[in-house]
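Asks: Below are the structure tokens for one structure; questions will follow.
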Amino acid sequence: ILWRVFYCILSLILVFTVSFHYIEFIFLFEIFPLIRLSHQKFIATHITELFDSVLQTCFFMVSINGFPLISYHILTFFTSGWFNYQVTLMWRYLFILLLFVFLSFLFTNIFLLPKVFNFFTQWEIFQENKILHISLEARIYLYLQWINRIYNSISFFFSLSLIILFLILLFVPPYKFYSFIKLCKKQILFIQILLLFVLSPPDFWVQLLLIFTSSLFLELSFFISCFRFNQTNKLL
């Protein structure tokens, strides 16, 4: 177990070192959704704020990139006392979880953030003939802090949804799960869309994508419940 801890700590140090060395490319990746729209300059009010931005980004990269290796060592340590189907199930779940996190980062950076910035920068673009003039200044530290919080929130939402689905499939009887989704399908979809509309910006394409994602997730859950219910009837 000491060697596993040593490998994990060494990997975290290497990720931090590589992130610190290529910090400009990481900054470019994170600020690209905003500069693609408005070409704004970022400011730092003092030197320590820029240093804090670098440390914050490096630790964020450590938390993201160190997770797969740490999860691998934890699962490898515990799988010696598990059955083969449990090991297979956990590796598949870990793979799907990492895939969801990666897709959530791409979705946030490529689609969601440009739409959000496009909505908020309209205050500055369409105010030539208005009495109230608003000038926006982008501070690098606050921007990176907000971006990392958005990344964590969306990845946490996808991960939590996957964990809930995983626990339901393991501990809820197939017939109860199937009956619940079949009877409350419209209510669940309505609550999902309502919560997403409250938390998301009022942009048509963002809301349309959220509706499609919610419907797809609900239909996938219903399909899995039907499949498990059918397999259970066959075994009985």
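We label chains A, B, ... in the order they appear in the structure tokens, count residues from 1 in each chain, and number ligands from 1 in the order shown.
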Counting only C-alpha atoms, what is within 8 Å of stretch 176-188 of chain A, bar same-chain residues fewer than 6 positions away, as a ChimeraX atom specification?
Replies: /A:168,218,222,225-226,229
Asks: Can you write out the residues you just picked, keeping N, CA, C and O atoms, as a compact mmCIF listing (two decimals), in the first residue's frame?
Replies:
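out_28.txt, freshly written:
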```txt
# COMPACT_ATOMS: atom_id res chain seq x y z
N ILE A 168 -29.68 3.01 -8.03
CA ILE A 168 -31.04 2.53 -8.28
C ILE A 168 -31.01 1.16 -8.94
O ILE A 168 -31.78 0.26 -8.59
N LEU A 218 -33.88 10.70 -19.33
CA LEU A 218 -35.08 10.04 -18.81
C LEU A 218 -35.46 8.83 -19.66
O LEU A 218 -35.81 7.77 -19.13
N PHE A 222 -35.60 4.91 -18.58
CA PHE A 222 -36.78 4.08 -18.80
C PHE A 222 -36.43 2.83 -19.62
O PHE A 222 -36.94 1.74 -19.35
N SER A 225 -34.74 0.41 -17.31
CA SER A 225 -35.71 -0.23 -16.42
C SER A 225 -36.52 -1.29 -17.14
O SER A 225 -36.78 -2.37 -16.58
N CYS A 226 -36.90 -1.02 -18.38
CA CYS A 226 -37.63 -2.03 -19.18
C CYS A 226 -36.77 -3.25 -19.45
O CYS A 226 -37.24 -4.40 -19.36
N PHE A 229 -36.40 -5.22 -16.18
CA PHE A 229 -37.66 -5.88 -15.84
C PHE A 229 -37.91 -7.08 -16.74
O PHE A 229 -38.37 -8.13 -16.28
```
Asks: Excluding A:Tyr72 and its own-chain neighbours fewer than 5 positions away, which residues fall within 9 Å of it when counting only C-alpha atoms? Please give them as a PDB file with all heavy atoms, in the first residue's frame.
Replies:
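Result file follows (result.pdb):
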```
ATOM      1  N   PHE A  67      -7.307  12.196 -10.607  1.00  0.00           N
ATOM      2  CA  PHE A  67      -8.417  11.345 -10.207  1.00  0.00           C
ATOM      3  C   PHE A  67      -8.374   9.949 -10.845  1.00  0.00           C
ATOM      4  O   PHE A  67      -8.600   8.958 -10.134  1.00  0.00           O
ATOM      5  CB  PHE A  67      -9.739  12.041 -10.531  1.00  0.00           C
ATOM      6  CG  PHE A  67     -10.946  11.187 -10.310  1.00  0.00           C
ATOM      7  CD1 PHE A  67     -11.380  10.898  -9.027  1.00  0.00           C
ATOM      8  CD2 PHE A  67     -11.659  10.656 -11.383  1.00  0.00           C
ATOM      9  CE1 PHE A  67     -12.493  10.098  -8.813  1.00  0.00           C
ATOM     10  CE2 PHE A  67     -12.765   9.858 -11.176  1.00  0.00           C
ATOM     11  CZ  PHE A  67     -13.184   9.583  -9.886  1.00  0.00           C
ATOM     12  N   PHE A  77      -6.699  -1.995  -5.047  1.00  0.00           N
ATOM     13  CA  PHE A  77      -6.461  -2.432  -3.662  1.00  0.00           C
ATOM     14  C   PHE A  77      -7.652  -3.207  -3.111  1.00  0.00           C
ATOM     15  O   PHE A  77      -7.489  -4.199  -2.393  1.00  0.00           O
ATOM     16  CB  PHE A  77      -6.164  -1.213  -2.784  1.00  0.00           C
ATOM     17  CG  PHE A  77      -5.996  -1.540  -1.332  1.00  0.00           C
ATOM     18  CD1 PHE A  77      -4.818  -2.114  -0.868  1.00  0.00           C
ATOM     19  CD2 PHE A  77      -7.010  -1.270  -0.427  1.00  0.00           C
ATOM     20  CE1 PHE A  77      -4.666  -2.416   0.480  1.00  0.00           C
ATOM     21  CE2 PHE A  77      -6.860  -1.567   0.921  1.00  0.00           C
ATOM     22  CZ  PHE A  77      -5.681  -2.142   1.374  1.00  0.00           C
ATOM     23  N   TRP A  91     -15.256  -1.363 -12.793  1.00  0.00           N
ATOM     24  CA  TRP A  91     -14.404  -0.805 -13.846  1.00  0.00           C
ATOM     25  C   TRP A  91     -15.250  -0.156 -14.940  1.00  0.00           C
ATOM     26  O   TRP A  91     -14.878   0.892 -15.475  1.00  0.00           O
ATOM     27  CB  TRP A  91     -13.518  -1.894 -14.445  1.00  0.00           C
ATOM     28  CG  TRP A  91     -12.345  -2.266 -13.606  1.00  0.00           C
ATOM     29  CD1 TRP A  91     -12.044  -3.493 -13.091  1.00  0.00           C
ATOM     30  CD2 TRP A  91     -11.287  -1.398 -13.160  1.00  0.00           C
ATOM     31  NE1 TRP A  91     -10.894  -3.442 -12.355  1.00  0.00           N
ATOM     32  CE2 TRP A  91     -10.398  -2.174 -12.389  1.00  0.00           C
ATOM     33  CE3 TRP A  91     -11.019  -0.051 -13.341  1.00  0.00           C
ATOM     34  CZ2 TRP A  91      -9.251  -1.636 -11.793  1.00  0.00           C
ATOM     35  CZ3 TRP A  91      -9.881   0.490 -12.756  1.00  0.00           C
ATOM     36  CH2 TRP A  91      -9.022  -0.288 -11.993  1.00  0.00           C
ATOM     37  N   LEU A  94     -16.467   3.143 -13.528  1.00  0.00           N
ATOM     38  CA  LEU A  94     -15.402   4.141 -13.501  1.00  0.00           C
ATOM     39  C   LEU A  94     -15.120   4.681 -14.896  1.00  0.00           C
ATOM     40  O   LEU A  94     -14.917   5.897 -15.074  1.00  0.00           O
ATOM     41  CB  LEU A  94     -14.129   3.530 -12.914  1.00  0.00           C
ATOM     42  CG  LEU A  94     -12.925   4.466 -12.808  1.00  0.00           C
ATOM     43  CD1 LEU A  94     -13.230   5.653 -11.917  1.00  0.00           C
ATOM     44  CD2 LEU A  94     -11.703   3.706 -12.298  1.00  0.00           C
TER      45      LEU A  94
END
```
Asks: Go through chain A and collect every residue that DSSP, computed from the backbone, puts in alpha helix (DSSP H); the answer should be as an MDAnalysis selection string.
Replies: chainID A and resid 2:21 23:38 47:78 84:107 113:120 122:125 140:171 174:183 185:199 204:235
Asks: Report the closest atom pair, with its distance in Å rounded to one decimal, for each residue of stretch 61-104 of chain A that has an atom no farther than 10 Å from stretch 15-32 of chain A; count only C-alpha atoms, sort by chain and then rising residue number, and write it as a tab-separated table.
Replies:
```
residue	atom	partner	partner_atom	distance
A:Met61	CA	A:Ser19	CA	6.9
A:Val62	CA	A:Val15	CA	5.7
A:Ser63	CA	A:Val15	CA	9.3
A:Ile64	CA	A:Val15	CA	9.7
A:Asn65	CA	A:Val15	CA	7.2
A:Gly66	CA	A:Val15	CA	7.4
```
Asks: Determine which residues of chain A receive a DSSP assignment of strand (DSSP E), computed from the backbone, and state them as a list in words.
Replies: Phe42, Ile43, Ala138 and Arg139 of chain A
Asks: Taking into account only C-alpha atoms, which residue in the set A:Val116, A:Ile147, A:Leu103, A:Cys8 is nearest to A:Gln56?
Replies: A:Ile147
Asks: As a VMD selection string, please: the residues near A:Leu196 (cut-off 9 Å, only C-alpha atoms, same-chain neighbours under 2 positions excluded).
Replies: chain A and resid 191 to 194 198 to 200 207 210 to 211 214
Asks: Contacts of A:Phe107 at 12 Å or less, counting only C-alpha atoms, minus same-chain residues fewer than 3 places along, as JSON, numbers by chain?
Replies: {"A": [33, 100, 101, 102, 103, 104, 110, 111, 112, 113, 114, 115, 150, 151, 154, 155, 158, 206, 209, 210, 213]}
Asks: Have a look at atom CA of A:Asn118 and atom CA of A:Ile35 and let me know their distance in Å, one decimal.
Replies: 10.9 Å
Asks: Counting only C-alpha atoms, which of A:Arg228, A:Lys41, A:Arg92, A:His73 gets nearest to A:Ile140?
Replies: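 The shortest atom-to-atom distance to A:Ile140 comes from A:Lys41.
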